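Peer 1: Quick one: structure below, then a few questions.
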Amino acid sequence: MMQPLLLAAALLLAAAATAAGASPPAIINATCSSLSYSGYPGYNYCVSVLSSSGPSASMDGRGLAVIAANTTAHNITATVGLIDDLLDTLPKCSGLYRRQMADKVASALADLVAGHEPTDSTYSLYMDAHDLGPVNCFIALTETYPGPGFPRPSDPLAQEDQANMDLVTFAMNVAKLIPNKSSSGSPDPPAAIINATCSSLSYGGYPGYSYCIDVLSPGLASGARDTRDLAIVATNAILRNITSTASLIDGLVSDAAQCKVSYGDRMGKTVASALGDLVAGRALARAASKLDGASRDTTDCDVVMSKRRGVDKNVLHEDNAENLVSAQFASNVAAMYARG
């Protein structure tokens, strides 16, 4: 069975590669028709890569290997740039959550705990938290990932940003249900208060009754006496989410740093060494072996970036897939001509 990274790469590159409009030079046609190995992305991909430098009457097998290895080197440079953007932007998101958003939520919580009547200034604290944390993080990351080229998530924290936006809006709307005056009668049971609150909420984007029950259920154990207590429960949930999101971001920064080592310190240097061998006229088999070894660094990065949340949320998965195919392709072109 094909490895997940190879499968992703095959699907991706099969869709991206198109046949050249004119017939390729004979040596490219012969090379692309003869190549056969596990994970070979196909004739059209081969022609596209090997024709990237334009036709040349003096082109030979070594020259084709140089073109393929150069393509891999360019891909690595692009991926390292993407990793650098991650390493620059993700810590900014951590600060947005940990400091700016958390400060606003803590102030709103203090008002509720002190028994103050919620006012527009209280609601503004929630809205500021909404914008300073998840919205600004989303903006920062979507500027980093504008979208052209191979598809990737526009925001590696898309789910977390949306969850935090939803929770802040929810908590604010619970706070809006706090009555102006406390009831003098006996309080209803916590379950009844929660049910009434979740049934009463109605605002644009309300996630629904079940969501409300899930968020406010800690009020059962704490013995919530009124809507204020439930607003406190919901606001505390925001603080827990901030902590978990910031912790996730820290982990992603660490993972991206490991990928930077895989690409910058290992794969990039290995591909550069292989290119040096090819250009200097040294043994093709030696360059082929180096390029094959370099392809494994893409897998190392993919494992690291997928371990916390799976492949679907791995923002480097498509780049890793492309680079794996590119390095293996360059290795096999060199190996083909090494065999004569």
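Every chain in the structure tokens takes a letter, A first, then B, and so on in the order presented; its residues are numbered from 1, and the ligands are numbered from 1 following the presented order.
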Please provide the set of residues having any atom within 12 Å of Asn75 of chain A, restricted to only C-alpha atoms, with same-chain residues fewer than 4 positions apart removed, written as a VMD selection string.
Peer 2: chain A and resid 49 68 to 71 79 to 82 149 to 150 263 to 264 267 to 268 271 298 318 to 327
Peer 1: Can you spit out the residues from that selection as a PDB file, in the first residue's frame, using C-alpha atoms?
Peer 2:
```
ATOM      1  CA  VAL A  49      10.378  19.388 -14.856  1.00  0.00           C
ATOM      2  CA  ALA A  68      15.882  17.803 -11.698  1.00  0.00           C
ATOM      3  CA  ALA A  69      18.148  18.412  -8.709  1.00  0.00           C
ATOM      4  CA  ASN A  70      17.931  22.179  -9.223  1.00  0.00           C
ATOM      5  CA  THR A  71      14.142  21.916  -9.133  1.00  0.00           C
ATOM      6  CA  THR A  79       9.615  25.447   1.895  1.00  0.00           C
ATOM      7  CA  VAL A  80      12.270  26.899   4.192  1.00  0.00           C
ATOM      8  CA  GLY A  81      10.755  30.317   3.489  1.00  0.00           C
ATOM      9  CA  LEU A  82       7.340  28.990   4.505  1.00  0.00           C
ATOM     10  CA  GLY A 149       0.390  27.200  -5.708  1.00  0.00           C
ATOM     11  CA  PHE A 150      -0.242  23.913  -4.019  1.00  0.00           C
ATOM     12  CA  TYR A 263      15.226  21.054   5.417  1.00  0.00           C
ATOM     13  CA  GLY A 264      17.897  23.663   6.089  1.00  0.00           C
ATOM     14  CA  MET A 267      18.082  18.115   3.079  1.00  0.00           C
ATOM     15  CA  GLY A 268      19.250  21.433   1.665  1.00  0.00           C
ATOM     16  CA  VAL A 271      20.888  18.311  -2.316  1.00  0.00           C
ATOM     17  CA  THR A 298      10.617  15.293   3.957  1.00  0.00           C
ATOM     18  CA  GLU A 318       1.634  19.382   0.645  1.00  0.00           C
ATOM     19  CA  ASP A 319       5.128  20.896   0.562  1.00  0.00           C
ATOM     20  CA  ASN A 320       6.569  17.714   2.080  1.00  0.00           C
ATOM     21  CA  ALA A 321       4.733  15.628  -0.507  1.00  0.00           C
ATOM     22  CA  GLU A 322       5.983  17.757  -3.386  1.00  0.00           C
ATOM     23  CA  ASN A 323       9.561  17.734  -2.108  1.00  0.00           C
ATOM     24  CA  LEU A 324       9.535  13.974  -1.555  1.00  0.00           C
ATOM     25  CA  VAL A 325       8.491  13.371  -5.153  1.00  0.00           C
ATOM     26  CA  SER A 326      10.950  15.962  -6.459  1.00  0.00           C
ATOM     27  CA  ALA A 327      13.956  14.496  -4.633  1.00  0.00           C
TER      28      ALA A 327
END
```
Peer 1: Please provide the set of residues having any atom within 7 Å of Ile242 of chain A, restricted to only C-alpha atoms, with same-chain residues fewer than 4 positions apart removed, written as a PyMOL selection string.
Peer 2: chain A and resi 97-98+102+238+246
Peer 1: For Pro218 of chain A, which residue out of A:Ala191, A:Ala272, A:Leu252, A:Ala171 is the nearest one, using only C-alpha atoms?
Peer 2: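 Closest to Pro218 of chain A of all the choices is A:Ala191.
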Peer 1: Could you give me, as a compact mmCIF listing (two decimals) with all heavy atoms, in the first residue's frame, the residues within 12 Å of Gly115 of chain A, counting only C-alpha atoms and dropping anything in the same chain fewer than 5 positions from it?
Peer 2:
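For reference, around-v2.txt as written:
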```
# COMPACT_ATOMS: atom_id res chain seq x y z
N ALA A 108 -13.10 41.04 32.17
CA ALA A 108 -14.53 40.74 32.12
C ALA A 108 -14.92 39.79 33.24
O ALA A 108 -15.97 39.97 33.89
CB ALA A 108 -14.89 40.14 30.76
N LEU A 109 -14.07 38.80 33.49
CA LEU A 109 -14.35 37.84 34.56
C LEU A 109 -14.36 38.54 35.93
O LEU A 109 -15.22 38.27 36.78
CB LEU A 109 -13.30 36.73 34.54
CG LEU A 109 -13.45 35.64 35.60
CD1 LEU A 109 -14.77 34.89 35.43
CD2 LEU A 109 -12.28 34.66 35.53
N ALA A 110 -13.43 39.46 36.13
CA ALA A 110 -13.37 40.19 37.41
C ALA A 110 -14.65 40.98 37.64
O ALA A 110 -15.16 41.04 38.78
CB ALA A 110 -12.16 41.12 37.42
N ALA A 175 -23.68 36.66 29.33
CA ALA A 175 -23.60 37.80 30.24
C ALA A 175 -24.73 38.79 30.00
O ALA A 175 -25.23 39.43 30.95
CB ALA A 175 -22.25 38.49 30.10
N ILE A 178 -27.89 38.35 32.12
CA ILE A 178 -27.88 38.61 33.56
C ILE A 178 -28.91 39.71 33.87
O ILE A 178 -28.86 40.79 33.28
CB ILE A 178 -26.48 39.06 34.04
CG1 ILE A 178 -25.46 37.93 33.82
CG2 ILE A 178 -26.51 39.47 35.51
CD1 ILE A 178 -24.03 38.33 34.12
N PRO A 179 -29.85 39.45 34.75
CA PRO A 179 -30.87 40.47 35.05
C PRO A 179 -30.27 41.67 35.77
O PRO A 179 -29.24 41.57 36.43
CB PRO A 179 -31.86 39.72 35.94
CG PRO A 179 -31.06 38.62 36.56
CD PRO A 179 -30.04 38.23 35.52
N ASN A 180 -30.94 42.80 35.64
CA ASN A 180 -30.46 44.02 36.30
C ASN A 180 -30.51 43.91 37.81
O ASN A 180 -29.72 44.51 38.52
CB ASN A 180 -31.28 45.22 35.84
CG ASN A 180 -31.05 45.55 34.38
OD1 ASN A 180 -30.03 45.19 33.82
ND2 ASN A 180 -32.03 46.22 33.76
N LYS A 181 -31.47 43.15 38.32
CA LYS A 181 -31.60 42.98 39.75
C LYS A 181 -31.62 41.50 40.09
O LYS A 181 -32.21 40.70 39.36
CB LYS A 181 -32.89 43.63 40.27
CG LYS A 181 -32.91 45.14 40.13
CD LYS A 181 -34.19 45.72 40.70
CE LYS A 181 -34.22 47.25 40.56
NZ LYS A 181 -35.47 47.82 41.13
N SER A 182 -31.01 41.14 41.21
CA SER A 182 -31.00 39.74 41.64
C SER A 182 -32.39 39.34 42.11
O SER A 182 -33.11 40.13 42.74
CB SER A 182 -29.99 39.53 42.77
OG SER A 182 -28.70 39.85 42.33
N ASP A 226 -27.48 31.25 39.30
CA ASP A 226 -28.15 32.19 38.41
C ASP A 226 -27.34 32.35 37.12
O ASP A 226 -26.31 31.71 36.93
CB ASP A 226 -28.34 33.54 39.11
CG ASP A 226 -27.03 34.09 39.69
OD1 ASP A 226 -25.94 33.74 39.15
OD2 ASP A 226 -27.09 34.85 40.66
N THR A 227 -27.84 33.23 36.26
CA THR A 227 -27.18 33.45 34.97
C THR A 227 -25.78 34.02 35.14
O THR A 227 -24.88 33.73 34.34
CB THR A 227 -28.03 34.40 34.10
OG1 THR A 227 -29.39 33.98 34.12
CG2 THR A 227 -27.54 34.40 32.66
N ARG A 228 -25.59 34.84 36.17
CA ARG A 228 -24.25 35.39 36.41
C ARG A 228 -23.24 34.26 36.62
O ARG A 228 -22.13 34.30 36.07
CB ARG A 228 -24.26 36.32 37.62
CG ARG A 228 -22.87 36.90 37.96
CD ARG A 228 -22.92 37.79 39.19
NE ARG A 228 -23.76 38.95 38.96
CZ ARG A 228 -23.36 40.06 38.36
NH1 ARG A 228 -22.09 40.16 37.95
NH2 ARG A 228 -24.18 41.07 38.19
N ASP A 229 -23.63 33.27 37.42
CA ASP A 229 -22.72 32.15 37.65
C ASP A 229 -22.41 31.42 36.35
O ASP A 229 -21.28 30.97 36.12
CB ASP A 229 -23.33 31.17 38.65
CG ASP A 229 -23.27 31.68 40.08
OD1 ASP A 229 -22.58 32.69 40.31
OD2 ASP A 229 -23.92 31.07 40.96
N ALA A 231 -22.41 32.83 33.33
CA ALA A 231 -21.51 33.69 32.56
C ALA A 231 -20.08 33.54 33.06
O ALA A 231 -19.12 33.56 32.27
CB ALA A 231 -21.97 35.15 32.68
N ILE A 232 -19.93 33.36 34.37
CA ILE A 232 -18.60 33.12 34.94
C ILE A 232 -18.05 31.78 34.44
O ILE A 232 -16.87 31.68 34.08
CB ILE A 232 -18.66 33.15 36.48
CG1 ILE A 232 -18.94 34.58 36.96
CG2 ILE A 232 -17.37 32.61 37.09
CD1 ILE A 232 -19.22 34.68 38.45
```
Peer 1: Considering only C-alpha atoms, can you say which of A:Met172, A:Ile76, A:Ala192, A:Ala140 comes closest to Asp120 of chain A?
Peer 2: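 The answer is A:Met172, which sits nearest to Asp120 of chain A.
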